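Enquirer: Got a file for you: entry-v1.cif, mmCIF, C-alpha atoms and all ligand atoms.
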```cif
data_my_file
loop_
_atom_site.label_atom_id
_atom_site.label_comp_id
_atom_site.auth_asym_id
_atom_site.auth_seq_id
_atom_site.Cartn_x
_atom_site.Cartn_y
_atom_site.Cartn_z
CA MET H 1 0.00 0.00 0.00
CA GLN H 2 1.17 3.53 -0.77
CA ALA H 3 1.75 6.02 2.03
CA LEU H 4 1.49 9.76 1.48
CA LEU H 5 3.64 11.69 3.96
CA LEU H 6 2.73 15.34 4.50
CA ALA H 7 5.95 17.23 5.01
CA GLY H 8 5.51 20.67 3.46
CA GLY H 9 4.31 22.86 6.35
CA LEU H 10 6.14 25.87 7.75
CA GLY H 11 6.57 24.47 11.25
CA THR H 12 6.13 27.93 12.71
CA ARG H 13 5.79 26.71 16.29
CA LEU H 14 9.20 25.06 16.17
CA ARG H 15 11.05 28.10 14.83
CA PRO H 16 13.89 28.93 14.68
CA LEU H 17 14.69 25.21 14.47
CA THR H 18 12.51 25.01 11.37
CA GLU H 19 13.67 28.26 9.76
CA HIS H 20 15.89 26.38 7.32
CA LEU H 21 14.57 22.88 7.89
CA PRO H 22 11.23 21.17 7.22
CA LYS H 23 9.83 20.16 10.60
CA PRO H 24 9.84 16.42 9.76
CA MET H 25 13.61 16.74 9.10
CA ALA H 26 14.31 18.04 12.60
CA PRO H 27 16.93 15.76 14.12
CA VAL H 28 15.62 13.29 16.67
CA VAL H 29 18.57 11.79 18.51
CA ASN H 30 20.78 12.95 15.67
CA ARG H 31 18.80 11.55 12.77
CA PRO H 32 16.13 13.35 10.75
CA TRP H 33 12.75 12.31 12.12
CA LEU H 34 11.55 11.48 8.61
CA GLU H 35 14.26 8.84 8.37
CA HIS H 36 13.10 7.22 11.62
CA LEU H 37 9.53 7.39 10.35
CA ILE H 38 10.27 5.76 7.00
CA LYS H 39 12.20 3.03 8.78
CA HIS H 40 9.26 2.39 11.10
CA LEU H 41 6.77 2.32 8.23
CA GLN H 42 9.06 -0.05 6.37
CA SER H 43 8.95 -2.38 9.36
CA GLN H 44 5.14 -2.29 8.95
CA GLY H 45 5.46 -3.54 5.39
CA LEU H 46 5.24 -0.19 3.56
CA SER H 47 7.80 0.56 0.86
CA ASP H 48 6.05 2.88 -1.57
CA PHE H 49 5.95 6.53 -0.49
CA VAL H 50 4.83 9.86 -1.86
CA ILE H 51 6.18 12.82 0.11
CA ALA H 52 4.20 16.06 -0.25
CA VAL H 53 6.75 18.86 0.01
CA LYS H 54 6.87 22.65 -0.09
CA HIS H 55 8.80 24.47 2.67
CA ASN H 56 12.54 23.75 2.22
CA ALA H 57 11.63 20.88 -0.10
CA ASP H 58 15.19 20.43 -1.41
CA ILE H 59 16.41 19.30 1.99
CA ILE H 60 14.03 16.34 1.85
CA ARG H 61 14.65 15.57 -1.82
CA ASN H 62 18.43 15.72 -1.43
CA HIS H 63 18.39 13.51 1.65
CA PHE H 64 16.13 10.74 0.37
CA GLY H 65 16.37 10.98 -3.44
CA ASP H 66 14.30 8.20 -4.95
CA GLY H 67 14.52 6.25 -1.70
CA ARG H 68 16.76 3.48 -3.05
CA ARG H 69 19.46 4.18 -0.45
CA PHE H 70 16.83 3.39 2.22
CA GLY H 71 15.35 0.38 0.44
CA VAL H 72 12.06 2.13 -0.48
CA ASN H 73 10.49 3.98 -3.45
CA ILE H 74 9.85 7.67 -3.01
CA ALA H 75 8.04 10.05 -5.35
CA TYR H 76 7.53 13.74 -4.57
CA SER H 77 4.46 15.89 -4.86
CA GLN H 78 5.81 19.44 -5.05
CA GLU H 79 3.31 22.17 -4.26
CA PRO H 80 3.64 25.52 -5.98
CA GLU H 81 2.27 27.17 -2.83
CA LEU H 82 1.18 25.93 0.58
CA LEU H 83 -2.09 24.09 0.03
CA GLY H 84 -2.82 22.94 3.58
CA THR H 85 -3.19 19.38 4.79
CA ALA H 86 -6.08 18.44 2.46
CA GLY H 87 -4.88 20.60 -0.44
CA ALA H 88 -1.57 18.72 -0.32
CA ILE H 89 -3.39 15.38 -0.58
CA LYS H 90 -5.45 16.60 -3.52
CA HIS H 91 -2.31 17.88 -5.25
CA ALA H 92 -0.68 14.45 -4.85
CA GLU H 93 -3.65 12.68 -6.51
CA PRO H 94 -1.87 11.95 -9.84
CA LEU H 95 0.86 10.08 -7.94
CA LEU H 96 -1.56 7.91 -5.95
CA THR H 97 -1.81 4.70 -7.90
CA ALA H 98 -4.31 2.61 -5.91
CA ASN H 99 -7.85 3.18 -4.70
CA ARG H 100 -6.79 3.08 -1.07
CA PHE H 101 -3.82 4.74 0.61
CA ILE H 102 -2.50 5.90 3.97
CA VAL H 103 -1.84 9.55 4.79
CA ILE H 104 0.52 10.46 7.62
CA ASN H 105 1.43 13.86 9.05
CA ALA H 106 5.18 13.49 8.91
CA ASP H 107 5.72 15.62 12.02
CA ILE H 108 3.86 13.19 14.25
CA ILE H 109 6.21 11.01 16.20
CA HIS H 110 4.73 7.60 16.45
CA HIS H 111 5.43 3.94 16.56
CA VAL H 112 1.93 2.61 16.13
CA ASP H 113 0.81 -0.65 14.66
CA LEU H 114 -1.03 0.17 11.43
CA LEU H 115 -2.49 -3.26 10.75
CA PRO H 116 -5.50 -2.92 13.11
CA LEU H 117 -6.27 0.44 11.51
CA LEU H 118 -6.21 -1.05 8.01
CA GLU H 119 -8.32 -4.03 9.11
CA PHE H 120 -10.84 -1.74 10.76
CA HIS H 121 -11.06 0.39 7.63
CA GLN H 122 -11.63 -2.67 5.49
CA SER H 123 -14.31 -4.19 7.72
CA SER H 124 -16.22 -0.94 8.40
CA GLY H 125 -16.49 0.04 4.73
CA ALA H 126 -15.34 3.55 5.59
CA LEU H 127 -14.52 6.24 3.07
CA VAL H 128 -11.96 7.57 5.53
CA THR H 129 -10.73 6.08 8.78
CA ILE H 130 -9.02 8.51 11.11
CA GLY H 131 -6.42 7.03 13.46
CA LEU H 132 -7.21 8.30 16.95
CA THR H 133 -5.00 8.55 19.98
CA GLU H 134 -6.07 8.94 23.59
CA VAL H 135 -4.71 11.89 25.54
CA GLU H 136 -4.95 12.65 29.23
CA ASP H 137 -6.12 16.22 28.80
CA PRO H 138 -8.16 16.71 25.62
CA SER H 139 -8.79 20.42 26.24
CA GLN H 140 -5.87 21.38 23.97
CA TYR H 141 -7.15 19.42 20.99
CA GLY H 142 -10.07 18.65 18.71
CA VAL H 143 -11.74 15.55 20.14
CA VAL H 144 -14.15 13.19 18.40
CA GLN H 145 -17.62 12.02 19.30
CA GLN H 146 -18.32 8.55 17.90
CA THR H 147 -21.07 5.97 17.75
CA SER H 148 -20.46 2.58 19.36
CA SER H 149 -19.40 1.24 15.95
CA GLY H 150 -16.73 3.94 15.65
CA ARG H 151 -18.49 6.21 13.17
CA ILE H 152 -17.55 9.83 13.80
CA LEU H 153 -20.49 12.10 14.55
CA ARG H 154 -18.59 15.34 15.12
CA PHE H 155 -15.40 17.02 16.21
CA VAL H 156 -15.38 19.23 19.25
CA GLU H 157 -12.55 21.81 19.23
CA LYS H 158 -10.69 22.31 22.50
CA PRO H 159 -13.54 21.36 24.87
CA PRO H 160 -13.22 22.14 28.59
CA ARG H 161 -11.90 18.96 30.20
CA HIS H 162 -15.14 18.02 32.01
CA LYS H 163 -17.27 18.63 28.90
CA ALA H 164 -15.17 16.66 26.41
CA PRO H 165 -17.25 13.90 24.74
CA SER H 166 -14.13 11.67 24.72
CA ASN H 167 -10.37 11.87 25.19
CA ARG H 168 -9.70 10.65 21.65
CA ILE H 169 -8.06 13.02 19.20
CA ASN H 170 -6.99 12.92 15.58
CA ALA H 171 -3.58 11.19 15.49
CA GLY H 172 -2.67 12.54 12.05
CA ILE H 173 -2.83 9.10 10.42
CA TYR H 174 -5.63 8.33 7.94
CA VAL H 175 -6.66 5.50 5.68
CA MET H 176 -8.49 6.95 2.68
CA GLU H 177 -10.37 5.74 -0.34
CA LYS H 178 -9.44 7.72 -3.42
CA GLU H 179 -13.10 8.71 -3.92
CA ALA H 180 -12.73 10.98 -0.90
CA LEU H 181 -10.50 13.27 -2.97
CA ALA H 182 -13.53 14.34 -5.01
CA TRP H 183 -14.60 16.33 -1.94
CA ILE H 184 -11.40 18.39 -1.80
CA PRO H 185 -11.34 21.47 -4.05
CA ALA H 186 -8.19 21.76 -6.16
CA GLY H 187 -5.82 24.72 -6.36
CA ARG H 188 -6.45 26.39 -3.02
CA GLU H 189 -5.50 25.92 0.60
CA VAL H 190 -7.72 23.35 2.34
CA SER H 191 -7.36 22.01 5.87
CA ILE H 192 -8.34 18.38 6.31
CA GLU H 193 -9.19 18.84 9.97
CA ARG H 194 -11.14 22.06 9.69
CA GLU H 195 -12.77 21.70 6.29
CA THR H 196 -12.68 18.26 4.67
CA PHE H 197 -13.55 15.96 7.56
CA PRO H 198 -16.40 18.17 8.82
CA LEU H 199 -17.75 18.36 5.25
CA LEU H 200 -17.68 14.57 4.77
CA ILE H 201 -19.47 14.11 8.09
CA ARG H 202 -22.10 16.74 7.23
CA LYS H 203 -22.73 14.94 3.95
CA GLY H 204 -23.39 11.73 5.88
CA LEU H 205 -20.41 9.92 4.36
CA PRO H 206 -18.83 7.09 6.34
CA VAL H 207 -15.97 8.62 8.32
CA TYR H 208 -14.79 6.33 11.09
CA GLY H 209 -12.27 6.60 13.89
CA CYS H 210 -10.10 3.79 15.17
CA THR H 211 -7.83 4.15 18.18
CA VAL H 212 -4.22 3.29 17.41
CA ARG H 213 -1.89 1.87 20.05
CA GLY H 214 1.75 2.64 20.60
CA TYR H 215 3.95 5.66 21.23
CA TRP H 216 2.50 8.91 19.87
CA LEU H 217 3.61 12.51 20.22
CA ASP H 218 3.07 15.67 18.21
CA MET H 219 6.54 17.21 18.24
CA GLY H 220 5.27 20.59 17.06
CA THR H 221 6.51 22.71 20.00
CA HIS H 222 9.86 23.22 21.74
CA ASP H 223 8.91 21.54 25.00
CA ARG H 224 7.49 18.52 23.17
CA TYR H 225 10.62 18.29 21.05
CA LEU H 226 12.64 18.02 24.25
CA ALA H 227 10.11 15.61 25.79
CA LEU H 228 10.51 13.41 22.74
CA HIS H 229 14.27 13.23 23.30
CA ARG H 230 13.74 12.33 26.93
CA ASP H 231 11.35 9.56 25.92
CA ALA H 232 13.74 8.26 23.26
CA LEU H 233 16.65 8.14 25.73
CA ASP H 234 14.39 6.40 28.24
CA GLY H 235 13.56 3.80 25.59
CA LYS H 236 9.85 4.68 25.51
CA ILE H 237 10.14 4.81 21.74
CA ASP H 238 12.68 2.51 20.12
CA LEU H 239 14.60 4.65 17.64
CA GLN H 240 17.80 2.67 17.28
CA LEU H 241 20.29 5.18 18.59
CA PRO H 242 22.78 5.95 15.85
CA TYR H 243 26.12 5.13 17.54
CA PRO H 244 27.60 2.29 19.58
CA ARG H 245 26.76 2.20 23.28
CA LYS H 246 30.00 2.85 25.19
CA MET H 247 28.48 2.18 28.61
CA GLU H 248 25.01 2.06 30.16
CA GLY H 249 23.11 5.03 28.72
CA VAL H 250 26.05 6.54 26.81
CA TRP H 251 26.22 6.47 22.99
CA ILE H 252 29.20 8.06 21.26
CA GLY H 253 29.95 8.51 17.55
CA GLU H 254 33.35 8.33 15.85
CA ASN H 255 36.24 10.78 16.09
CA THR H 256 35.06 12.49 19.24
CA ASN H 257 37.44 14.24 21.62
CA ILE H 258 36.11 14.02 25.16
CA SER H 259 38.36 15.29 27.94
CA SER H 260 39.04 12.81 30.71
CA HIS H 261 38.19 15.73 33.02
CA ALA H 262 34.65 16.03 31.68
CA ILE H 263 31.73 14.28 33.37
CA LEU H 264 29.07 12.36 31.45
CA ILE H 265 25.82 11.71 33.28
CA PRO H 266 23.66 9.18 31.38
CA PRO H 267 21.66 9.16 29.31
CA VAL H 268 23.86 10.98 26.84
CA VAL H 269 24.33 10.83 23.05
CA ILE H 270 27.42 12.44 21.52
CA GLY H 271 27.70 12.81 17.76
CA PRO H 272 30.78 12.19 15.63
CA GLY H 273 33.50 14.81 15.55
CA THR H 274 32.27 16.44 18.76
CA LYS H 275 34.67 17.91 21.30
CA VAL H 276 33.98 18.17 25.03
CA GLU H 277 36.54 20.14 27.03
CA ARG H 278 37.71 19.72 30.61
CA GLY H 279 35.30 20.47 33.42
CA ALA H 280 32.24 20.17 31.19
CA VAL H 281 29.30 18.24 32.61
CA ILE H 282 27.12 16.55 29.99
CA GLY H 283 23.75 15.10 30.95
CA PRO H 284 21.48 13.72 32.02
CA TYR H 285 19.36 13.76 28.87
CA ALA H 286 21.84 15.52 26.62
CA VAL H 287 22.04 14.95 22.88
CA LEU H 288 24.99 16.54 21.12
CA GLY H 289 24.96 16.58 17.33
CA GLU H 290 27.85 16.20 14.94
CA ASN H 291 30.88 18.51 15.26
CA VAL H 292 29.67 20.29 18.38
CA THR H 293 32.20 21.93 20.72
CA VAL H 294 31.47 22.22 24.43
CA HIS H 295 34.05 24.57 25.89
CA ALA H 296 35.49 24.12 29.36
CA ASP H 297 33.26 24.02 32.43
CA SER H 298 29.96 24.32 30.60
CA ARG H 299 27.09 22.19 31.80
CA LEU H 300 24.12 20.87 29.90
CA ALA H 301 21.18 18.73 30.85
CA HIS H 302 17.83 18.04 29.17
CA ALA H 303 19.31 19.65 26.10
CA VAL H 304 19.60 19.06 22.37
CA ILE H 305 22.60 20.67 20.69
CA LEU H 306 22.41 20.86 16.91
CA PRO H 307 25.32 20.03 14.60
CA GLY H 308 28.16 22.52 14.37
CA THR H 309 27.20 24.45 17.52
CA ARG H 310 29.91 25.85 19.79
CA LEU H 311 28.91 26.29 23.42
CA ALA H 312 30.80 29.02 25.24
CA GLN H 313 32.74 28.12 28.35
CA ASN H 314 31.32 28.08 31.83
CA ARG H 315 27.69 28.38 30.76
CA VAL H 316 24.64 26.38 31.75
CA PHE H 317 22.22 24.99 29.17
CA ARG H 318 19.25 23.29 30.71
CA HIS H 319 15.92 22.45 29.05
CA ALA H 320 17.43 23.99 25.97
CA ILE H 321 17.64 23.52 22.22
CA VAL H 322 20.78 25.17 20.92
CA GLY H 323 21.84 25.71 17.31
CA PRO H 324 24.82 27.53 15.79
CA ASP H 325 22.84 30.78 15.85
CA PHE H 326 20.04 30.30 18.37
CA LEU H 327 19.28 29.28 21.92
CA ILE H 328 15.80 28.19 22.93
CA THR H 329 15.11 27.52 26.56
CA THR H 330 11.84 26.06 27.72
CA ARG H 331 12.44 26.83 31.41
CA PRO H 332 14.82 29.11 33.34
CA ALA H 333 18.26 28.32 31.99
CA GLU H 334 20.26 28.60 35.15
CA ILE H 335 20.71 25.68 37.48
CA PRO H 336 22.87 25.74 40.59
CA ARG H 337 26.37 24.60 39.73
CA GLN H 338 26.38 22.28 42.73
CA GLY H 339 23.18 20.62 41.60
CA VAL H 340 24.85 19.05 38.64
CA MET H 341 28.31 18.51 40.00
CA GLN H 342 27.04 16.49 42.96
CA GLN H 343 25.68 13.70 40.77
P1 LIG H 401 2.93 24.92 12.48
O1 LIG H 401 3.15 26.09 11.57
O2 LIG H 401 3.83 24.97 13.67
O3 LIG H 401 1.48 24.69 12.83
O4 LIG H 401 3.40 23.63 11.69
P2 LIG H 401 2.93 23.02 10.27
O5 LIG H 401 1.89 23.81 9.61
O6 LIG H 401 4.19 22.71 9.52
O7 LIG H 401 2.39 21.63 10.74
P3 LIG H 401 0.93 21.12 11.07
O8 LIG H 401 1.05 20.40 12.37
O9 LIG H 401 -0.09 22.17 10.97
O10 LIG H 401 0.73 20.12 9.87
C1 LIG H 401 0.75 18.71 10.00
C2 LIG H 401 1.66 18.09 8.94
O11 LIG H 401 1.21 18.47 7.64
C3 LIG H 401 3.12 18.52 9.04
O12 LIG H 401 3.94 17.39 8.80
C4 LIG H 401 3.28 19.55 7.94
O13 LIG H 401 4.59 19.50 7.36
C5 LIG H 401 2.25 19.10 6.94
N1 LIG H 401 1.66 20.23 6.23
C6 LIG H 401 0.97 21.28 6.76
N2 LIG H 401 0.58 22.12 5.80
C7 LIG H 401 1.04 21.60 4.62
C8 LIG H 401 0.95 22.02 3.27
O14 LIG H 401 0.40 23.07 2.92
N3 LIG H 401 1.54 21.21 2.34
C9 LIG H 401 2.20 20.06 2.69
N4 LIG H 401 2.75 19.33 1.72
N5 LIG H 401 2.29 19.64 3.95
C10 LIG H 401 1.71 20.41 4.91
#
```
Please express the file's structure as structure tokens.
Expert:
Amino acid sequence: MQALLLAGGLGTRLRPLTEHLPKPMAPVVNRPWLEHLIKHLQSQGLSDFVIAVKHNADIIRNHFGDGRRFGVNIAYSQEPELLGTAGAIKHAEPLLTANRFIVINADIIHHVDLLPLLEFHQSSGALVTIGLTEVEDPSQYGVVQQTSSGRILRFVEKPPRHKAPSNRINAGIYVMEKEALAWIPAGREVSIERETFPLLIRKGLPVYGCTVRGYWLDMGTHDRYLALHRDALDGKIDLQLPYPRKMEGVWIGENTNISSHAILIPPVVIGPGTKVERGAVIGPYAVLGENVTVHADSRLAHAVILPGTRLAQNRVFRHAIVGPDFLITTRPAEIPRQGVMQQ
């Protein structure tokens, strides 16, 4: 079955990380998320992909090419302008070869089992089946109201917690029949969540929801991006860390230069070519990209450092995403020096 991956959005909430990078290419433990995603989908038996691109499209095209290097086939649907989540699907129509396909928001981090979703779609006779995920607090999301057979009656946007008809939200994974595309107008921006699904439901067409199981996270904001790294280092999502494990919770790439007077507090991932100077304290929950330099006596914890970044000496980076030309902190940056050194 073909999978259409939506990867063209601006990723405004993750800026400046996404200024020069499509959000699905944001590194997740030092590998573009889209690479992890394609690998996971491959393990589910999918090998034929269409990637819908727009914002910084060349970065995706240059990385994956025709997919051969990754053992899959990839075609690209290039939008002339941003067409929104449904507009992008409509634009990809000429590349969709079968009557049924899967659509996945490529910025959703998930390791879910797709087979139950496909089986449900087949047995319910749905036009569209929306993968649903259960969240603790649905008040931030659009939740669904369903019949006992799973048919979706309506979406309720950001309901107060006690008034929510369910805690199930759109997981950004859909199984669609090609006929559904007739309901999406061509050549303009269309949102699948706000326009297409409500329209199909209003028209009485069979739109079903099926809860998917497994790790799921929308990495769209800075704090969730960091939470994702924490979960990956805790093994909550199995992402195959990219380098050999040197000791419990410590993964280090090639050609690193780590001072014997630096302290590593697991879990820690250190990319190839990275230098850590004396007195630096790395971790817990630190991911250093390729060719990073941590100058003497700096300390970082709960931090993701992007490739090529140089961290000044004697600074503290905590709950931070740091790139060569930006620093994002999701909580007060300073932590007491003693707090880290004592560990
Ligand atoms: P924000 O600006 O932070 O909301 O991010 P976004 O618009 O990039 O992502 P959003 O969560 O709204 O979209 C879900 C997925 O659809 C992401 O993987 C986006 O890359 C993708 N997407 C959103 N809009 C478009 C579009 O117009 N074209 C294409 N091809 N993909 C899109």
Enquirer: Show me which residues are within 9 Å of ligand LIG 401 (chain H) counting only C-alpha atoms and all ligand atoms, and format the list as a PyMOL selection string.
Expert: chain H and resi 5-15+18+22-24+51-55+77-79+81-89+91-92+104-108+172+189-191+218-221
Enquirer: Would you compute the distance between CA of Tyr215 (chain H) and CA of Leu4 (chain H)? Give it in Å to one decimal.
Expert: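 About the pair CA of Tyr215 (chain H) and CA of Leu4 (chain H): they are 20.3 Å apart.
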Enquirer: In Å to one decimal, how far is CA of Glu35 (chain H) from CA of Phe70 (chain H)?
Expert: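 Those two atoms sit 8.6 Å apart.
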Enquirer: Nearest residue to Ile152 (chain H) out of H:Asn167, H:Ser139, H:Gln240, H:Thr129, using only C-alpha atoms?
Expert: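 Once distances to Ile152 (chain H) are computed over only C-alpha atoms, the minimum belongs to H:Thr129.
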Enquirer: Counting all atoms listed in the file, note down every residue that has an atom within 12 Å of the point (17.5, 11.5, 0.7) (file coordinates), as a PDB file with C-alpha atoms, in the frame of the given file.
Expert:
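Heads up, here's the output in result-v1.pdb:
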```
ATOM      1  CA  MET H  25      13.610  16.740   9.100  1.00  0.00           C
ATOM      2  CA  PRO H  32      16.130  13.350  10.750  1.00  0.00           C
ATOM      3  CA  LEU H  34      11.550  11.480   8.610  1.00  0.00           C
ATOM      4  CA  GLU H  35      14.260   8.840   8.370  1.00  0.00           C
ATOM      5  CA  ILE H  38      10.270   5.760   7.000  1.00  0.00           C
ATOM      6  CA  ILE H  51       6.180  12.820   0.110  1.00  0.00           C
ATOM      7  CA  ALA H  57      11.630  20.880  -0.100  1.00  0.00           C
ATOM      8  CA  ASP H  58      15.190  20.430  -1.410  1.00  0.00           C
ATOM      9  CA  ILE H  59      16.410  19.300   1.990  1.00  0.00           C
ATOM     10  CA  ILE H  60      14.030  16.340   1.850  1.00  0.00           C
ATOM     11  CA  ARG H  61      14.650  15.570  -1.820  1.00  0.00           C
ATOM     12  CA  ASN H  62      18.430  15.720  -1.430  1.00  0.00           C
ATOM     13  CA  HIS H  63      18.390  13.510   1.650  1.00  0.00           C
ATOM     14  CA  PHE H  64      16.130  10.740   0.370  1.00  0.00           C
ATOM     15  CA  GLY H  65      16.370  10.980  -3.440  1.00  0.00           C
ATOM     16  CA  ASP H  66      14.300   8.200  -4.950  1.00  0.00           C
ATOM     17  CA  GLY H  67      14.520   6.250  -1.700  1.00  0.00           C
ATOM     18  CA  ARG H  68      16.760   3.480  -3.050  1.00  0.00           C
ATOM     19  CA  ARG H  69      19.460   4.180  -0.450  1.00  0.00           C
ATOM     20  CA  PHE H  70      16.830   3.390   2.220  1.00  0.00           C
ATOM     21  CA  GLY H  71      15.350   0.380   0.440  1.00  0.00           C
ATOM     22  CA  VAL H  72      12.060   2.130  -0.480  1.00  0.00           C
ATOM     23  CA  ASN H  73      10.490   3.980  -3.450  1.00  0.00           C
ATOM     24  CA  ILE H  74       9.850   7.670  -3.010  1.00  0.00           C
ATOM     25  CA  ALA H  75       8.040  10.050  -5.350  1.00  0.00           C
ATOM     26  CA  TYR H  76       7.530  13.740  -4.570  1.00  0.00           C
TER      27      TYR H  76
END
```
Enquirer: Between CA of Pro159 (chain H) and CA of His110 (chain H), measure the distance and give it in Å to one decimal.
Expert: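 CA of His110 (chain H) lies at a distance of 24.4 Å from CA of Pro159 (chain H).
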Enquirer: Need to verify the contact set: Arg151 (chain H), 9 Å, only C-alpha atoms, exclusion of same-chain residues closer than 6 positions in sequence. Can you return it as a list in words?
Expert: Ser124, Ala126, Thr129, Gln145, Pro206, Val207, Tyr208, Gly209 and Cys210 of chain H
Enquirer: Point out the residue among H:His229, H:Arg310, H:His302, H:Lys275 with the least atom-to-atom distance to Ala26 (chain H), counting all atoms listed in the file.
Expert: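 Checking each of H:His229, H:Arg310, H:His302, H:Lys275 against Ala26 (chain H), counting all atoms listed in the file, the winner is H:His229.
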Enquirer: Would you please work out which residue, of H:Ser259, H:Asn314, H:Asp137, H:Ile109, is nearest to Val28 (chain H) when using all atoms listed in the file?
Expert: H:Ile109
Enquirer: For Phe120 (chain H), which residue out of H:Ser298, H:Gln42, H:Thr196, H:Thr211 is the nearest one, using all atoms listed in the file?
Expert: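 So, comparing all the options, the nearest one is H:Thr211.
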Enquirer: Using only C-alpha atoms, give me every residue within 10 Å of (-9.5, 7.6, -1.7) in file coordinates, as a list in words.
Expert: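 Residues found, by chain and rising number: Ile89, Glu93, Leu96, Ala98, Asn99, Arg100, Phe101, Ile102, Leu127, Val128, Val175, Met176, Glu177, Lys178, Glu179, Ala180, Leu181 and Ala182 of chain H.
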Enquirer: May I have the selected residues written with C-alpha atoms, as a compact mmCIF listing (two decimals), in the frame of the given file?
Expert:
```txt
# COMPACT_ATOMS: atom_id res chain seq x y z
CA ILE H 89 -3.39 15.38 -0.58
CA GLU H 93 -3.65 12.68 -6.51
CA LEU H 96 -1.56 7.91 -5.95
CA ALA H 98 -4.31 2.61 -5.91
CA ASN H 99 -7.85 3.18 -4.70
CA ARG H 100 -6.79 3.08 -1.07
CA PHE H 101 -3.82 4.74 0.61
CA ILE H 102 -2.50 5.90 3.97
CA LEU H 127 -14.52 6.24 3.07
CA VAL H 128 -11.96 7.57 5.53
CA VAL H 175 -6.66 5.50 5.68
CA MET H 176 -8.49 6.95 2.68
CA GLU H 177 -10.37 5.74 -0.34
CA LYS H 178 -9.44 7.72 -3.42
CA GLU H 179 -13.10 8.71 -3.92
CA ALA H 180 -12.73 10.98 -0.90
CA LEU H 181 -10.50 13.27 -2.97
CA ALA H 182 -13.53 14.34 -5.01
```
Enquirer: Smallest atom-to-atom distance to His222 (chain H): which of H:Val269, H:Ala320, H:Ala3, H:Leu115, using all atoms listed in the file?
Expert: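 Closest to His222 (chain H), using all atoms listed in the file: H:Ala320.
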Enquirer: Looking at H:Gln313, H:Ser43, H:Asn170, H:Thr330, which one is nearest to Asp113 (chain H), with distances taken over only C-alpha atoms?
Expert: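 Smallest distance to Asp113 (chain H) is found for H:Ser43.
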